[in-house]
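Data block for my_file28.cif (mmCIF, C-alpha atoms):
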data_model
#
loop_
_atom_site.label_atom_id
_atom_site.label_comp_id
_atom_site.auth_asym_id
_atom_site.auth_seq_id
_atom_site.Cartn_x
_atom_site.Cartn_y
_atom_site.Cartn_z
CA MET P 1 9.78 -41.49 -29.05
CA PRO P 2 10.54 -41.23 -32.78
CA LEU P 3 14.15 -40.26 -33.53
CA ARG P 4 13.12 -37.04 -35.31
CA GLN P 5 11.11 -35.87 -32.26
CA GLN P 6 13.99 -36.80 -29.98
CA ILE P 7 16.52 -34.83 -32.03
CA PHE P 8 14.19 -31.80 -32.17
CA ALA P 9 13.63 -31.91 -28.36
CA ILE P 10 17.38 -32.24 -27.68
CA ILE P 11 18.14 -29.25 -29.93
CA ILE P 12 15.48 -27.13 -28.15
CA CYS P 13 16.88 -28.09 -24.73
CA LEU P 14 20.45 -27.27 -25.78
CA VAL P 15 19.45 -23.95 -27.38
CA VAL P 16 17.47 -22.87 -24.26
CA PHE P 17 20.38 -23.90 -22.01
CA ALA P 18 23.01 -22.14 -24.13
CA PHE P 19 20.82 -19.04 -24.55
CA ALA P 20 20.26 -18.74 -20.76
CA VAL P 21 23.97 -19.27 -20.00
CA ASN P 22 24.93 -16.68 -22.62
CA LEU P 23 22.49 -14.13 -21.15
CA VAL P 24 24.05 -14.66 -17.71
CA ARG P 25 27.53 -14.35 -19.24
CA GLN P 26 26.57 -11.03 -20.83
CA ARG P 27 25.02 -9.92 -17.49
CA ARG P 28 21.64 -9.44 -19.18
CA LEU P 29 20.05 -12.13 -16.96
CA ARG P 30 20.71 -12.47 -13.26
CA GLU P 31 21.72 -15.86 -11.92
CA GLU P 32 18.61 -16.07 -9.71
CA TYR P 33 16.33 -15.85 -12.77
CA SER P 34 18.36 -18.31 -14.81
CA VAL P 35 17.82 -21.16 -12.33
CA LEU P 36 14.34 -22.12 -13.57
CA TRP P 37 15.33 -21.91 -17.26
CA LEU P 38 18.46 -24.02 -16.79
CA ALA P 39 16.77 -26.55 -14.50
CA THR P 40 13.88 -27.00 -16.94
CA SER P 41 16.14 -27.50 -19.94
CA ILE P 42 18.26 -30.04 -17.99
CA ILE P 43 15.17 -31.97 -16.82
CA MET P 44 13.68 -31.98 -20.34
CA PHE P 45 17.04 -33.14 -21.75
CA ALA P 46 17.23 -35.99 -19.24
CA LEU P 47 13.64 -37.08 -20.01
CA VAL P 48 14.29 -37.08 -23.75
CA ILE P 49 17.53 -39.08 -23.42
CA ARG P 50 16.11 -41.50 -20.85
CA TYR P 51 12.79 -42.29 -22.50
CA ASP P 52 12.00 -44.95 -19.86
CA TRP P 53 12.02 -42.22 -17.19
CA LEU P 54 9.53 -40.20 -19.23
CA GLU P 55 7.30 -43.28 -19.60
CA ALA P 56 7.51 -43.97 -15.85
CA LEU P 57 6.60 -40.36 -15.10
CA THR P 58 3.73 -40.50 -17.58
CA SER P 59 2.23 -43.56 -15.89
CA LEU P 60 2.85 -41.97 -12.46
CA ILE P 61 0.81 -38.84 -13.25
CA GLY P 62 -1.75 -40.81 -15.28
CA ALA P 63 -1.17 -39.03 -18.60
CA GLY P 64 -2.05 -40.77 -21.87
CA LEU P 65 1.09 -40.01 -23.86
CA PRO P 66 4.71 -39.11 -22.95
CA THR P 67 4.38 -35.94 -25.07
CA THR P 68 1.47 -34.87 -22.81
CA THR P 69 3.82 -35.17 -19.83
CA LEU P 70 6.29 -32.87 -21.58
CA PHE P 71 3.50 -30.35 -22.29
CA ILE P 72 2.35 -30.47 -18.65
CA GLY P 73 5.97 -29.96 -17.61
CA SER P 74 6.23 -26.90 -19.87
CA ILE P 75 3.02 -25.40 -18.46
CA ILE P 76 4.20 -25.98 -14.87
CA PHE P 77 7.50 -24.32 -15.77
CA LEU P 78 5.71 -21.27 -17.24
CA MET P 79 3.51 -21.01 -14.15
CA LEU P 80 6.54 -21.16 -11.87
CA ILE P 81 8.23 -18.42 -13.91
CA CYS P 82 5.08 -16.24 -13.59
CA VAL P 83 4.87 -16.81 -9.83
CA GLN P 84 8.56 -15.95 -9.47
CA PHE P 85 8.01 -12.72 -11.42
CA SER P 86 4.89 -11.82 -9.40
CA ILE P 87 6.83 -12.25 -6.15
CA LYS P 88 9.69 -10.16 -7.48
CA ILE P 89 7.35 -7.43 -8.79
CA SER P 90 5.58 -7.25 -5.41
CA LYS P 91 8.93 -6.84 -3.67
CA LEU P 92 10.09 -4.22 -6.17
CA ALA P 93 6.79 -2.32 -5.81
CA ASP P 94 7.33 -2.19 -2.02
CA GLN P 95 10.91 -1.01 -2.51
CA VAL P 96 9.86 1.68 -5.00
CA LYS P 97 7.13 2.83 -2.58
CA ASN P 98 9.60 3.10 0.31
CA LEU P 99 12.17 4.89 -1.85
CA ALA P 100 9.58 7.36 -3.15
CA GLN P 101 8.35 8.06 0.39
CA ASP P 102 11.90 8.60 1.63
CA ASN P 103 12.60 10.82 -1.38
CA ALA P 104 9.49 12.91 -0.63
CA LEU P 105 10.37 13.29 3.07
CA LEU P 106 14.02 14.12 2.36
CA ARG P 107 13.02 16.67 -0.28
CA GLY P 108 10.67 18.23 2.27
CA ASP P 109 13.51 18.42 4.82
CA LEU P 110 15.83 19.92 2.21
CA GLU P 111 13.29 22.60 1.28
CA GLU P 112 12.85 23.36 4.98
CA LEU P 113 16.62 23.67 5.45
CA LYS P 114 16.93 25.93 2.41
CA ARG P 115 14.13 28.16 3.69
CA GLY P 116 15.74 28.25 7.16
CA LYS P 117 19.05 29.29 5.62
CA THR P 118 17.37 32.02 3.59
CA VAL P 119 15.63 33.38 6.69
CA GLU P 120 18.92 33.16 8.62
CA LYS P 121 20.75 35.04 5.87
CA CYS P 122 18.10 37.77 5.81
CA SER P 123 18.21 38.18 9.58
CA GLU P 124 22.03 38.34 9.71
CA PRO P 125 23.29 41.91 10.41
CA LEU P 126 24.77 43.63 7.41
CA PRO P 127 28.60 43.78 7.48
CA GLY P 128 29.77 47.17 8.77
CA PRO P 129 32.36 49.41 7.08
CA HIS P 130 35.96 48.33 7.56
CA MET E 131 1.62 18.06 23.19
CA LYS E 132 2.27 18.15 19.46
CA VAL E 133 -0.65 17.26 17.20
CA LEU E 134 -0.34 16.85 13.45
CA VAL E 135 -3.23 17.07 11.00
CA LEU E 136 -2.48 14.89 7.98
CA ILE E 137 -4.23 15.70 4.70
CA PRO E 138 -3.56 13.38 1.74
CA ALA E 139 -4.38 15.17 -1.51
CA TYR E 140 -4.44 14.33 -5.19
CA ASN E 141 -5.47 17.00 -7.70
CA GLU E 142 -7.33 19.04 -5.08
CA ASP E 143 -6.10 22.57 -5.91
CA ALA E 144 -9.67 23.87 -6.00
CA ARG E 145 -10.44 22.86 -2.43
CA ILE E 146 -7.21 22.30 -0.50
CA ALA E 147 -6.78 25.94 0.62
CA GLU E 148 -10.34 26.04 1.94
CA ILE E 149 -9.85 22.77 3.86
CA ILE E 150 -6.59 24.02 5.39
CA ALA E 151 -8.33 27.27 6.40
CA HIS E 152 -11.16 25.29 8.04
CA VAL E 153 -8.68 23.09 9.91
CA ARG E 154 -6.74 26.18 11.08
CA HIS E 155 -9.96 27.84 12.18
CA ALA E 156 -11.08 24.71 14.06
CA GLU E 157 -7.71 23.97 15.70
CA PRO E 158 -5.17 26.79 15.33
CA GLY E 159 -2.61 24.99 17.52
CA TYR E 160 -2.30 21.91 15.33
CA ASP E 161 0.38 21.59 12.64
CA ILE E 162 -0.79 20.66 9.17
CA VAL E 163 1.00 18.51 6.61
CA VAL E 164 -0.38 17.93 3.14
CA ILE E 165 0.89 14.86 1.31
CA ASN E 166 0.66 15.80 -2.32
CA ASP E 167 0.34 12.44 -4.05
CA GLY E 168 1.83 13.34 -7.43
CA SER E 169 -0.89 15.85 -8.34
CA ARG E 170 -0.76 17.27 -11.84
CA ASP E 171 -2.46 20.51 -10.82
CA GLY E 172 -1.45 23.25 -8.39
CA THR E 173 -2.30 21.34 -5.18
CA ALA E 174 1.20 21.72 -3.71
CA ALA E 175 1.41 25.46 -4.40
CA ALA E 176 -2.13 26.06 -3.10
CA ALA E 177 -1.44 24.11 0.11
CA GLU E 178 1.86 25.88 0.66
CA ALA E 179 0.26 29.28 0.08
CA ALA E 180 -2.39 28.33 2.64
CA GLY E 181 0.37 27.80 5.21
CA ALA E 182 0.62 24.03 5.38
CA THR E 183 3.81 21.99 5.19
CA VAL E 184 3.78 20.10 1.92
CA VAL E 185 5.45 16.77 1.20
CA CYS E 186 5.36 15.86 -2.50
CA HIS E 187 5.43 12.32 -3.85
CA PRO E 188 7.45 12.13 -7.06
CA PHE E 189 4.50 10.32 -8.70
CA ASN E 190 1.01 9.17 -7.82
CA MET E 191 1.03 6.12 -5.55
CA GLY E 192 -2.47 6.05 -4.12
CA TYR E 193 -4.28 7.05 -0.95
CA GLY E 194 -2.78 4.37 1.32
CA VAL E 195 0.81 5.20 0.41
CA ALA E 196 0.09 8.93 0.85
CA ILE E 197 -1.19 8.50 4.39
CA GLN E 198 1.71 6.19 5.25
CA THR E 199 4.12 8.93 4.09
CA GLY E 200 2.26 11.19 6.52
CA TYR E 201 2.80 8.64 9.33
CA LYS E 202 6.51 8.49 8.49
CA TYR E 203 6.65 12.31 8.58
CA ALA E 204 4.85 12.42 11.95
CA ASP E 205 7.13 9.73 13.38
CA ALA E 206 10.28 11.50 12.18
CA LYS E 207 9.15 14.87 13.57
CA GLY E 208 8.12 13.41 16.93
CA TYR E 209 4.41 14.23 16.98
CA ASP E 210 2.43 12.86 19.93
CA PHE E 211 -0.88 12.53 18.07
CA LEU E 212 -2.03 12.48 14.51
CA VAL E 213 -5.43 13.28 13.01
CA GLN E 214 -6.08 12.33 9.44
CA ILE E 215 -8.63 14.14 7.29
CA ASP E 216 -9.34 13.68 3.58
CA GLY E 217 -8.35 16.39 1.13
CA ASP E 218 -11.63 16.25 -0.80
CA GLY E 219 -13.74 18.17 1.71
CA GLN E 220 -15.78 15.13 2.79
CA HIS E 221 -14.78 15.38 6.45
CA ASP E 222 -15.95 18.27 8.63
CA PRO E 223 -12.88 19.79 10.39
CA ALA E 224 -15.13 21.01 13.23
CA TYR E 225 -14.93 17.45 14.62
CA LEU E 226 -11.12 17.32 14.75
CA ASN E 227 -10.87 17.93 18.46
CA ARG E 228 -13.73 15.58 19.32
CA LEU E 229 -11.99 12.85 17.33
CA VAL E 230 -8.56 13.22 18.91
CA ALA E 231 -9.88 13.85 22.46
CA PRO E 232 -10.33 10.17 23.50
CA VAL E 233 -6.83 9.35 22.17
CA MET E 234 -5.31 12.29 24.05
CA ALA E 235 -7.15 11.26 27.20
CA GLY E 236 -5.71 7.75 26.87
CA ALA E 237 -9.15 6.16 26.51
CA CYS E 238 -8.08 4.49 23.26
CA ASP E 239 -5.10 4.29 20.89
CA PHE E 240 -7.06 4.80 17.72
CA ALA E 241 -10.27 6.73 17.11
CA ILE E 242 -12.26 6.37 13.90
CA GLY E 243 -14.88 8.91 12.89
CA SER E 244 -18.26 7.38 12.07
CA ARG E 245 -20.71 9.15 9.78
CA PHE E 246 -23.44 6.76 10.87
CA LEU E 247 -23.49 7.86 14.50
CA VAL E 248 -24.60 11.38 13.57
CA ASP E 249 -27.14 12.88 11.17
CA SER E 250 -25.28 13.93 8.07
CA SER E 251 -25.80 14.82 4.45
CA TYR E 252 -23.72 11.79 3.41
CA GLU E 253 -25.84 9.22 1.61
CA PRO E 254 -23.90 6.39 -0.03
CA SER E 255 -25.33 4.37 -2.91
CA LEU E 256 -27.17 1.12 -2.19
CA ALA E 257 -24.25 -1.03 -3.41
CA ARG E 258 -21.83 0.89 -1.24
CA ARG E 259 -24.19 0.69 1.75
CA LEU E 260 -24.36 -3.08 1.36
CA GLY E 261 -20.58 -3.37 1.09
CA MET E 262 -20.09 -1.18 4.16
CA ALA E 263 -22.63 -3.22 6.17
CA PHE E 264 -20.90 -6.48 5.16
CA PHE E 265 -17.42 -5.35 6.19
CA ARG E 266 -18.57 -3.63 9.37
CA LYS E 267 -20.17 -6.93 10.48
CA ILE E 268 -16.90 -8.79 9.83
CA VAL E 269 -14.75 -6.16 11.59
CA SER E 270 -17.12 -5.92 14.58
CA ALA E 271 -17.17 -9.72 14.95
CA ILE E 272 -13.38 -10.05 14.81
CA THR E 273 -12.44 -7.04 16.93
CA GLY E 274 -15.27 -7.44 19.42
CA THR E 275 -15.88 -3.67 19.15
CA ARG E 276 -18.99 -2.25 17.49
CA ILE E 277 -17.73 -0.59 14.32
CA THR E 278 -20.33 1.20 12.20
CA ASP E 279 -18.05 2.87 9.67
CA SER E 280 -15.02 0.72 8.89
CA THR E 281 -14.25 2.60 5.64
CA SER E 282 -13.93 6.02 7.29
CA GLY E 283 -10.68 7.86 6.59
CA TYR E 284 -11.34 10.39 9.36
CA GLN E 285 -9.08 9.01 12.09
CA ALA E 286 -7.00 10.02 15.09
CA MET E 287 -4.17 7.99 16.58
CA SER E 288 -1.45 7.95 19.18
CA ARG E 289 2.28 8.08 18.49
CA GLU E 290 2.52 4.30 19.05
CA VAL E 291 -0.07 3.60 16.34
CA VAL E 292 1.69 6.03 13.98
CA ARG E 293 4.98 4.21 14.52
CA PHE E 294 3.27 0.84 14.04
CA PHE E 295 1.82 2.05 10.72
CA THR E 296 5.21 3.13 9.39
CA SER E 297 6.17 -0.55 9.13
CA GLU E 298 5.34 -3.02 6.38
CA VAL E 299 2.26 -4.28 8.27
CA PHE E 300 0.30 -1.24 7.07
CA PRO E 301 -1.99 -2.27 4.18
CA CYS E 302 -1.29 0.52 1.67
CA ASP E 303 -3.84 -0.80 -0.82
CA TYR E 304 -7.23 0.43 0.56
CA PRO E 305 -6.41 0.59 4.26
CA ASP E 306 -9.67 0.21 6.16
CA ALA E 307 -11.33 -3.00 7.45
CA ASP E 308 -8.09 -5.01 7.35
CA MET E 309 -6.23 -2.14 9.01
CA LEU E 310 -8.68 -2.17 11.94
CA ILE E 311 -8.24 -5.93 12.33
CA THR E 312 -4.44 -5.53 12.19
CA LEU E 313 -4.65 -2.88 14.94
CA HIS E 314 -6.82 -5.19 17.05
CA LEU E 315 -4.38 -8.10 16.62
CA ALA E 316 -1.50 -5.82 17.64
CA GLY E 317 -3.33 -5.04 20.87
CA PHE E 318 -4.34 -1.42 20.17
CA SER E 319 -7.71 -0.22 21.44
CA ILE E 320 -10.15 1.24 18.92
CA ARG E 321 -13.09 3.57 19.53
CA GLU E 322 -15.64 5.14 17.22
CA VAL E 323 -16.48 8.83 17.46
CA PRO E 324 -19.49 10.46 15.77
CA VAL E 325 -18.40 12.87 13.01
CA ARG E 326 -20.16 14.71 10.22
CA MET E 327 -19.29 13.90 6.63
CA HIS E 328 -20.45 15.39 3.36
CA ALA E 329 -20.91 13.70 0.01
CA ASN E 330 -17.91 14.10 -2.29
CA SER E 331 -19.55 16.38 -4.85
CA ALA E 332 -16.74 17.38 -7.21
CA GLY E 333 -13.98 14.82 -6.78
CA LYS E 334 -13.78 11.34 -8.21
CA SER E 335 -14.25 8.65 -5.59
CA MET E 336 -11.52 6.06 -5.11
CA HIS E 337 -14.35 3.50 -5.33
CA SER E 338 -15.47 4.29 -8.87
CA GLY E 339 -15.69 2.08 -11.96
CA LEU E 340 -14.69 -1.54 -11.47
CA LYS E 341 -12.74 -0.71 -8.32
CA PRO E 342 -15.50 -1.84 -5.91
CA LEU E 343 -15.16 -5.42 -7.23
CA TYR E 344 -11.39 -5.34 -6.73
CA TYR E 345 -11.96 -3.71 -3.32
CA ILE E 346 -14.24 -6.55 -2.13
CA PHE E 347 -11.82 -9.20 -3.39
CA LYS E 348 -8.77 -7.47 -1.92
CA MET E 349 -10.43 -6.78 1.42
CA LEU E 350 -11.70 -10.33 1.88
CA LEU E 351 -8.30 -11.78 0.95
CA SER E 352 -6.49 -9.29 3.17
CA ILE E 353 -8.74 -10.03 6.17
CA PHE E 354 -8.33 -13.77 5.59
CA VAL E 355 -4.52 -13.69 5.41
CA THR E 356 -4.34 -11.21 8.30
CA LEU E 357 -6.15 -13.79 10.44
CA LEU E 358 -3.92 -16.60 9.15
CA ARG E 359 -0.70 -14.76 9.96
CA ASN E 360 1.17 -15.43 13.13
CA ARG E 361 0.31 -12.83 15.74
CA GLN E 362 4.05 -12.44 16.38
CA GLY E 363 4.13 -10.56 13.08
CA TYR E 364 1.97 -7.83 14.58
CA ARG E 365 4.17 -7.33 17.63
CA ARG E 366 4.70 -3.66 18.38
#
With the file now loaded, output its structure as structure tokens.
Amino acid sequence: MPLRQQIFAIIICLVVFAFAVNLVRQRRLREEYSVLWLATSIIMFALVIRYDWLEALTSLIGAGLPTTTLFIGSIIFLMLICVQFSIKISKLADQVKNLAQDNALLRGDLEELKRGKTVEKCSEPLPGPH
Amino acid sequence: MKVLVLIPAYNEDARIAEIIAHVRHAEPGYDIVVINDGSRDGTAAAAEAAGATVVCHPFNMGYGVAIQTGYKYADAKGYDFLVQIDGDGQHDPAYLNRLVAPVMAGACDFAIGSRFLVDSSYEPSLARRLGMAFFRKIVSAITGTRITDSTSGYQAMSREVVRFFTSEVFPCDYPDADMLITLHLAGFSIREVPVRMHANSAGKSMHSGLKPLYYIFKMLLSIFVTLLRNRQGYRR
């Protein structure tokens, strides 16, 4: 890998890593969602530093060029991120559904209680003269 | 024995009072709950004025979620049986008792009203007829029970089925063919009862636009994964 490409790839890996860590530090990204970002940047970093590993991986998957392997890696990473989000969204949708149902039922019970209290109040005998 | 009539409704203020009146006239002893699925019109007020109990979703979540809220309501209030009828006037309330009778008699756990076992004014489009025929063949083959109308929302069920449906196994996204297969796998008995249905003249069908394509995809996938799942997951 030419030195210029190597330097560029290392900078990208470090920026992604630092950016993800900083987001976690600021509590804008939860640890569970930072795993894939951090793991990918570490793997990319290792493959750029150890070029022989990248070449071995390239021949293992049958790709023509080491840069193709990096592209494939990026696409797999993006797909994994999307799958992770889809799973999370499905879970959140179920939780929102259950919360909304509980909210509707509780509101119904509350209205019923309020109505019962009103009827009770109306049927209470008026206080007599002291 | 306590029987609850569940009516899911979305923007049905023009017809809901009339449906409630018909249900009351047909079965005065049954309680009625309307699940108002985030309607933007006066459905809730109209249903309440007609004497039904109304449970309001904070926003629209779809037919399947609305009926599951009704199951949760029935379970919490301790109803013995539940009959479900659509809020768009498609189902004839005169058949309420005939639908719930086999469940009350213990002949089955779940009764589904079939429009194809009785002469009715309901005439689905050719595409819909084909879709219905396809899914009824699949459901009949898997359950071993002859099902002629797997998409019918006119249903009656026992307390055990209601409780079963309050769990996460209930398919909230178009609950029909896959729901029947889920019931079968859980060991509940299903029976079809002839009922009259009318064409939905004013309301917008939940199977309009591109939804039929999604429906076919979702239903096939749902049936497939339902069969793949471990039967332990459907334990009552």
Practice item. List the neighbours of Arg245 of chain E out to 9 Å using only C-alpha atoms; skip same-chain residues closer than 4 positions along the sequence, and give me the result as number ranges by chain. Key: E: 249-250, 252, 278-279, 282, 323-328
Review point. Any idea what the distance is between atom CA of Gly236 of chain E and atom CA of Ala139 of chain E?
Key: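 Interatomic distance, atom CA of Gly236 of chain E to atom CA of Ala139 of chain E: 29.4 Å.
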Practice item. Please determine the contact residues of chain P with respect to chain E at a cut-off of 10 Å, counting only C-alpha atoms, and supply them as a PyMOL selection string. Key: chain P and resi 94+96-98+100-109+111-112
Review point. What residues come out when you apply the PyMOL selection byres ((chain P and resi 67) around 10) to this file, written as a ChimeraX atom specification?
Key: /P:1,5,54-55,58,63-66,68-73
Practice item. Find the residues around segment 141-157 of chain E up to 7 Å (all atoms listed in the file counted), leave out those fewer than 5 positions away in its own chain, and share them as a PyMOL selection string. Key: chain E and resi 169-173+176-177+180+217-219+223-224
Review point. What separation in Å, quoted to one decimal, exists between atom CA of Arg115 of chain P and atom CA of Gly192 of chain E?
Key: 28.7 Å
Exercise for review: State, in Å with one decimal place, the distance from atom CA of Ile277 of chain E to atom CA of Arg321 of chain E.
Suggested key: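 Pair atom CA of Ile277 of chain E / atom CA of Arg321 of chain E returns 8.1 Å.
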Review point. Just so the selection is clear, what residues does the PyMOL selection byres ((chain E and resi 301) around 12) cover here, as JSON, numbers by chain?
Key: {"P": [94], "E": [192, 193, 194, 195, 196, 197, 198, 294, 295, 296, 297, 298, 299, 300, 302, 303, 304, 305, 306, 307, 308, 309, 310, 311, 312, 313, 348, 349, 351, 352, 353, 355, 356]}
Going by the chain IDs and residue numbers used in this file, which residues fall under the PyMOL selection byres ((chain P and resi 21) around 12)? Write them as a CSV table (one decimal) with C-alpha atoms, in the coordinates of the input.
chain,number,residue,atom,x,y,z
P,14,LEU,CA,20.4,-27.3,-25.8
P,15,VAL,CA,19.4,-24.0,-27.4
P,16,VAL,CA,17.5,-22.9,-24.3
P,17,PHE,CA,20.4,-23.9,-22.0
P,18,ALA,CA,23.0,-22.1,-24.1
P,19,PHE,CA,20.8,-19.0,-24.6
P,20,ALA,CA,20.3,-18.7,-20.8
P,22,ASN,CA,24.9,-16.7,-22.6
P,23,LEU,CA,22.5,-14.1,-21.2
P,24,VAL,CA,24.0,-14.7,-17.7
P,25,ARG,CA,27.5,-14.4,-19.2
P,26,GLN,CA,26.6,-11.0,-20.8
P,27,ARG,CA,25.0,-9.9,-17.5
P,28,ARG,CA,21.6,-9.4,-19.2
P,29,LEU,CA,20.0,-12.1,-17.0
P,30,ARG,CA,20.7,-12.5,-13.3
P,31,GLU,CA,21.7,-15.9,-11.9
P,33,TYR,CA,16.3,-15.8,-12.8
P,34,SER,CA,18.4,-18.3,-14.8
P,35,VAL,CA,17.8,-21.2,-12.3
P,36,LEU,CA,14.3,-22.1,-13.6
P,37,TRP,CA,15.3,-21.9,-17.3
P,38,LEU,CA,18.5,-24.0,-16.8
P,39,ALA,CA,16.8,-26.6,-14.5
P,41,SER,CA,16.1,-27.5,-19.9
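With distances restricted to only C-alpha atoms, E:Val133 is the closest residue to Val233 of chain E from E:Val164, E:Ala271, E:Val133, E:Ala174.
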Practice item. Might you pull out every residue within 12 Å of Gln6 of chain P, with all atoms listed in the file counted and same-chain residues fewer than 2 positions away left off, and present them as number ranges by chain? Key: P: 1-4, 8-13, 44-51, 66-67
Exercise for review: Determine the nearest neighbour of Thr275 of chain E from the options E:Leu226, E:Met287, E:Ile346, E:Ile320, counting only C-alpha atoms.
Suggested key: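 Using only C-alpha atoms, Thr275 of chain E sits closest to E:Ile320.
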